[in-house]
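> Just one file: protein.txt, with compact mmCIF, C-alpha atoms.
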```
# COMPACT_ATOMS: atom_id res chain seq x y z
CA MET A 148 -31.24 -26.16 -22.21
CA LYS A 149 -29.98 -22.68 -21.48
CA THR A 150 -27.91 -21.81 -18.45
CA ILE A 151 -28.49 -18.47 -16.75
CA THR A 152 -25.67 -16.67 -14.97
CA LEU A 153 -26.73 -15.81 -11.44
CA ASP A 154 -24.85 -13.64 -9.00
CA LYS A 155 -24.65 -14.26 -5.27
CA THR A 156 -27.69 -12.06 -4.56
CA ASP A 157 -29.86 -13.93 -7.09
CA ARG A 158 -28.80 -17.19 -5.47
CA LYS A 159 -29.68 -15.89 -2.00
CA ILE A 160 -33.10 -14.83 -3.27
CA LEU A 161 -33.67 -18.31 -4.71
CA ARG A 162 -32.69 -19.93 -1.42
CA ILE A 163 -35.09 -17.70 0.52
CA LEU A 164 -37.98 -18.31 -1.88
CA GLN A 165 -37.43 -22.08 -1.92
CA LYS A 166 -37.52 -22.10 1.86
CA ASN A 167 -40.62 -19.87 1.97
CA ALA A 168 -42.34 -18.94 -1.29
CA ARG A 169 -44.58 -16.60 0.69
CA ALA A 170 -41.68 -14.43 1.87
CA SER A 171 -42.56 -10.85 1.07
CA ILE A 172 -40.39 -8.58 -1.04
CA LYS A 173 -39.89 -6.47 2.08
CA GLU A 174 -38.70 -9.51 4.11
CA ILE A 175 -36.25 -10.55 1.39
CA ALA A 176 -34.97 -7.00 1.00
CA SER A 177 -34.42 -6.77 4.75
CA GLN A 178 -32.48 -10.05 4.84
CA LEU A 179 -30.25 -9.00 1.94
CA TYR A 180 -29.88 -5.34 3.00
CA MET A 181 -31.32 -4.09 -0.29
CA SER A 182 -34.27 -1.98 -1.35
CA SER A 183 -37.64 -3.56 -2.07
CA PRO A 184 -37.71 -2.26 -5.69
CA ALA A 185 -34.29 -3.83 -6.33
CA ILE A 186 -35.45 -7.19 -4.99
CA SER A 187 -38.70 -6.95 -6.93
CA ALA A 188 -36.79 -6.27 -10.17
CA ARG A 189 -34.46 -9.22 -9.55
CA ILE A 190 -37.36 -11.60 -8.87
CA ALA A 191 -39.12 -10.40 -12.02
CA LYS A 192 -35.91 -11.08 -13.99
CA LEU A 193 -35.64 -14.57 -12.47
CA GLU A 194 -39.26 -15.27 -13.44
CA GLU A 195 -38.92 -13.88 -16.98
CA SER A 196 -35.74 -15.88 -17.63
CA GLY A 197 -37.43 -19.10 -16.52
CA VAL A 198 -35.29 -19.69 -13.43
CA ILE A 199 -38.38 -19.35 -11.23
CA THR A 200 -41.18 -21.34 -12.85
CA GLY A 201 -43.86 -20.98 -10.19
CA TYR A 202 -44.77 -20.85 -6.52
CA HIS A 203 -46.31 -23.86 -4.80
CA ALA A 204 -47.69 -25.00 -1.49
CA GLN A 205 -46.28 -28.28 -0.19
CA ILE A 206 -49.12 -30.57 0.84
CA ASP A 207 -48.92 -33.80 2.81
CA PRO A 208 -50.65 -36.37 0.55
CA ALA A 209 -51.58 -38.59 3.52
CA VAL A 210 -53.71 -35.80 5.02
CA LEU A 211 -55.80 -35.89 1.84
CA GLY A 212 -56.14 -39.66 2.03
CA TYR A 213 -53.38 -40.67 -0.39
CA SER A 214 -51.73 -43.48 1.55
CA ILE A 215 -50.08 -45.12 -1.48
CA LYS A 216 -47.11 -43.54 -3.26
CA ALA A 217 -46.15 -45.62 -6.29
CA PHE A 218 -43.23 -45.43 -8.68
CA ILE A 219 -44.13 -47.11 -11.93
CA ASN A 220 -41.65 -47.96 -14.64
CA LEU A 221 -43.24 -48.15 -18.08
CA GLU A 222 -41.75 -49.33 -21.35
CA VAL A 223 -43.41 -47.14 -23.99
CA ASP A 224 -42.97 -47.63 -27.72
CA PRO A 225 -41.53 -44.34 -29.06
CA LYS A 226 -44.42 -44.18 -31.54
CA GLN A 227 -46.87 -44.02 -28.60
CA LYS A 228 -44.94 -41.43 -26.59
CA SER A 229 -47.12 -38.42 -27.45
CA GLU A 230 -50.31 -40.45 -26.93
CA PHE A 231 -48.96 -41.62 -23.56
CA TYR A 232 -48.05 -38.05 -22.52
CA SER A 233 -51.59 -36.91 -23.27
CA PHE A 234 -52.96 -39.80 -21.24
CA ALA A 235 -50.64 -39.19 -18.26
CA GLU A 236 -51.37 -35.44 -18.20
CA GLY A 237 -55.06 -36.27 -17.83
CA VAL A 238 -54.55 -38.46 -14.74
CA GLU A 239 -54.56 -36.30 -11.59
CA ASN A 240 -52.92 -39.03 -9.54
CA VAL A 241 -49.73 -38.71 -11.63
CA VAL A 242 -47.62 -36.15 -9.80
CA GLU A 243 -44.49 -36.56 -11.93
CA CYS A 244 -43.51 -38.39 -15.09
CA SER A 245 -39.98 -38.50 -16.47
CA TYR A 246 -38.57 -39.90 -19.71
CA VAL A 247 -35.57 -41.94 -18.51
CA THR A 248 -32.76 -44.18 -19.66
CA GLY A 249 -32.54 -47.87 -18.88
CA GLU A 250 -34.77 -50.87 -19.28
CA TYR A 251 -37.93 -48.74 -19.07
CA SER A 252 -38.52 -45.43 -20.82
CA MET A 253 -40.86 -43.73 -18.33
CA LEU A 254 -40.75 -43.29 -14.58
CA ILE A 255 -44.10 -42.26 -13.13
CA GLU A 256 -44.71 -41.10 -9.58
CA ALA A 257 -48.36 -41.35 -8.61
CA LEU A 258 -50.48 -41.09 -5.46
CA PHE A 259 -53.51 -43.26 -4.65
CA GLU A 260 -55.97 -43.72 -1.80
CA GLY A 261 -55.59 -47.49 -1.96
CA THR A 262 -54.25 -50.43 -3.91
CA GLU A 263 -57.47 -50.86 -5.89
CA GLN A 264 -57.00 -47.45 -7.54
CA LEU A 265 -53.33 -48.23 -8.17
CA ASP A 266 -54.26 -51.58 -9.74
CA HIS A 267 -56.82 -49.88 -12.00
CA PHE A 268 -54.24 -47.30 -13.12
CA VAL A 269 -51.57 -49.94 -13.82
CA ASN A 270 -54.11 -51.91 -15.87
CA ARG A 271 -54.76 -48.78 -17.96
CA LEU A 272 -51.01 -48.33 -18.45
CA GLN A 273 -50.77 -51.82 -19.98
CA ALA A 274 -52.15 -50.31 -23.21
CA PHE A 275 -48.82 -48.48 -23.57
CA GLY A 276 -46.41 -51.26 -22.60
CA HIS A 277 -44.86 -53.40 -19.89
CA THR A 278 -44.83 -52.00 -16.33
CA LYS A 279 -42.96 -52.55 -13.09
CA THR A 280 -44.49 -51.02 -9.97
CA LEU A 281 -42.82 -50.11 -6.69
CA ILE A 282 -44.75 -48.90 -3.64
CA ALA A 283 -42.98 -46.64 -1.14
CA PHE A 284 -43.27 -47.78 2.48
CA SER A 285 -41.94 -44.45 3.72
CA THR A 286 -40.01 -41.44 2.49
CA ALA A 287 -36.76 -40.96 4.38
CA ILE A 288 -35.87 -37.73 2.56
CA PRO A 289 -38.89 -35.77 1.34
CA GLN A 290 -38.70 -33.58 -1.73
CA ARG A 291 -36.36 -30.75 -0.93
CA PRO A 292 -35.23 -27.56 -2.63
CA VAL A 293 -32.89 -27.50 -5.60
CA PRO A 294 -29.35 -26.93 -4.29
CA VAL A 295 -28.38 -23.31 -4.93
CA PRO A 296 -24.67 -22.80 -4.23
CA LEU A 297 -23.75 -19.25 -3.27
CA THR A 298 -20.58 -19.25 -5.35
```
Is it possible to express this structure as structure tokens?


Amino acid sequence: MKTITLDKTDRKILRILQKNARASIKEIASQLYMSSPAISARIAKLEESGVITGYHAQIDPAVLGYSIKAFINLEVDPKQKSEFYSFAEGVENVVECSYVTGEYSMLIEALFEGTEQLDHFVNRLQAFGHTKTLIAFSTAIPQRPVPVPLT
């Protein structure tokens, strides 16, 4: 994993874009007292270097009918890892999957309209190994931006 050296201006740009990915170049330039071409060049550099990997809209899953947020631990045999990854990538309900340390090797975050869909998904996961499922009652701290210190 490579580390990129960012100056204070780059860090300010990242903070602004994480707060509002739709901020225009002109708005950012105005906030940082710089020219629009300079800001545009910096953003392009941040994108090319892989610091900025995309721009996304945050959507409330409940508004779309996803009332169940589940965290599923899965113990996957290392020989099945690539097969599992292909499977998980094909399931739209999986919003994040991480390879982790501990008793289980995968941590899956998934959204479902109801417990029947969750049950069906967990049953399909059994082909890859033992599972442990947790359902979130509420989210006290929603996903937030990556901390970008200014120093």

> I'd like the neighbourhood of Glu256 of chain A as a PDB file with C-alpha atoms, keeping the file's coordinate frame, where a residue qualifies if any of its atoms comes within 6 Å (using all atoms listed in the file), though same-chain residues fewer than 2 positions away should be ignored.


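Final file, around_20.pdb:
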```
ATOM      1  CA  ALA A 217     -46.150 -45.620  -6.290  1.00  0.00           C
ATOM      2  CA  PHE A 218     -43.230 -45.430  -8.680  1.00  0.00           C
ATOM      3  CA  VAL A 241     -49.730 -38.710 -11.630  1.00  0.00           C
ATOM      4  CA  VAL A 242     -47.620 -36.150  -9.800  1.00  0.00           C
ATOM      5  CA  GLU A 243     -44.490 -36.560 -11.930  1.00  0.00           C
TER       6      GLU A 243
END
```

> Near Gly197 of chain A, counting all atoms listed in the file, which residues have an atom at most 12 Å away, once you skip same-chain residues fewer than 3 positions from it, shown as a CSV table (one decimal) with C-alpha atoms, in the coordinates of the input?


```csv
chain,number,residue,atom,x,y,z
A,148,MET,CA,-31.2,-26.2,-22.2
A,149,LYS,CA,-30.0,-22.7,-21.5
A,150,THR,CA,-27.9,-21.8,-18.4
A,151,ILE,CA,-28.5,-18.5,-16.8
A,190,ILE,CA,-37.4,-11.6,-8.9
A,191,ALA,CA,-39.1,-10.4,-12.0
A,192,LYS,CA,-35.9,-11.1,-14.0
A,193,LEU,CA,-35.6,-14.6,-12.5
A,194,GLU,CA,-39.3,-15.3,-13.4
A,200,THR,CA,-41.2,-21.3,-12.8
A,201,GLY,CA,-43.9,-21.0,-10.2
```

> Which residue out of A:Ala170, A:Ile175, A:Ile186, A:Ile215 has the minimum interatomic distance to Gln264 of chain A when only C-alpha atoms are used?

A:Ile215

> Can you pull out every residue within 12 Å of segment 269-274 of chain A, counting only C-alpha atoms, but drop anything in the same chain fewer than 6 positions away, and send it as a PyMOL selection string?

chain A and resi 217-224+227-228+230-232+234-235+238+240-241+253+255-257+259+262-263+280-281

> In Å, with one decimal, what is the gap from atom CA of Pro208 of chain A to atom CA of Phe284 of chain A?

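Atom CA of Phe284 of chain A lies 13.7 Å from atom CA of Pro208 of chain A.
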
> Mind pulling up the distance from atom CA of Ile199 of chain A to atom CA of Ile163 of chain A?

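We find that atom CA of Ile163 of chain A and atom CA of Ile199 of chain A lie 12.3 Å from each other.
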
> Atom CA of Gly212 of chain A and atom CA of Glu236 of chain A are how many Å apart?

21.2 Å

> May I have the residues within 6 Å of Lys216 of chain A as a list in words, using all atoms listed in the file and disregarding those fewer than 5 positions away in the same chain?

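Selected residues are Ala257, Leu258, Ile282 and Ala283 of chain A.
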
> Using only C-alpha atoms, find the one residue out of A:Gln205, A:Lys173, A:Leu161, A:Val198 that sits nearest to Ala185 of chain A.

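For Ala185 of chain A, the nearest of the given residues is A:Lys173.
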
> Ranking A:Arg189, A:Lys166, A:Lys279, A:Lys159 by minimum distance to Tyr251 of chain A and counting all atoms listed in the file, which one comes first?

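Using all atoms listed in the file, Tyr251 of chain A sits closest to A:Lys279.
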
> To test the calculation: enclose all listed atoms of segment 232-236 of chain A in a box whose edges run along x, y and z, add 4 Å on each side, then state centre and edge lengths in Å to one decimal, as AutoDock Vina command-line options.


```
--center_x -50.5 --center_y -37.6 --center_z -20.7 --size_x 12.9 --size_y 12.4 --size_z 13.1
```
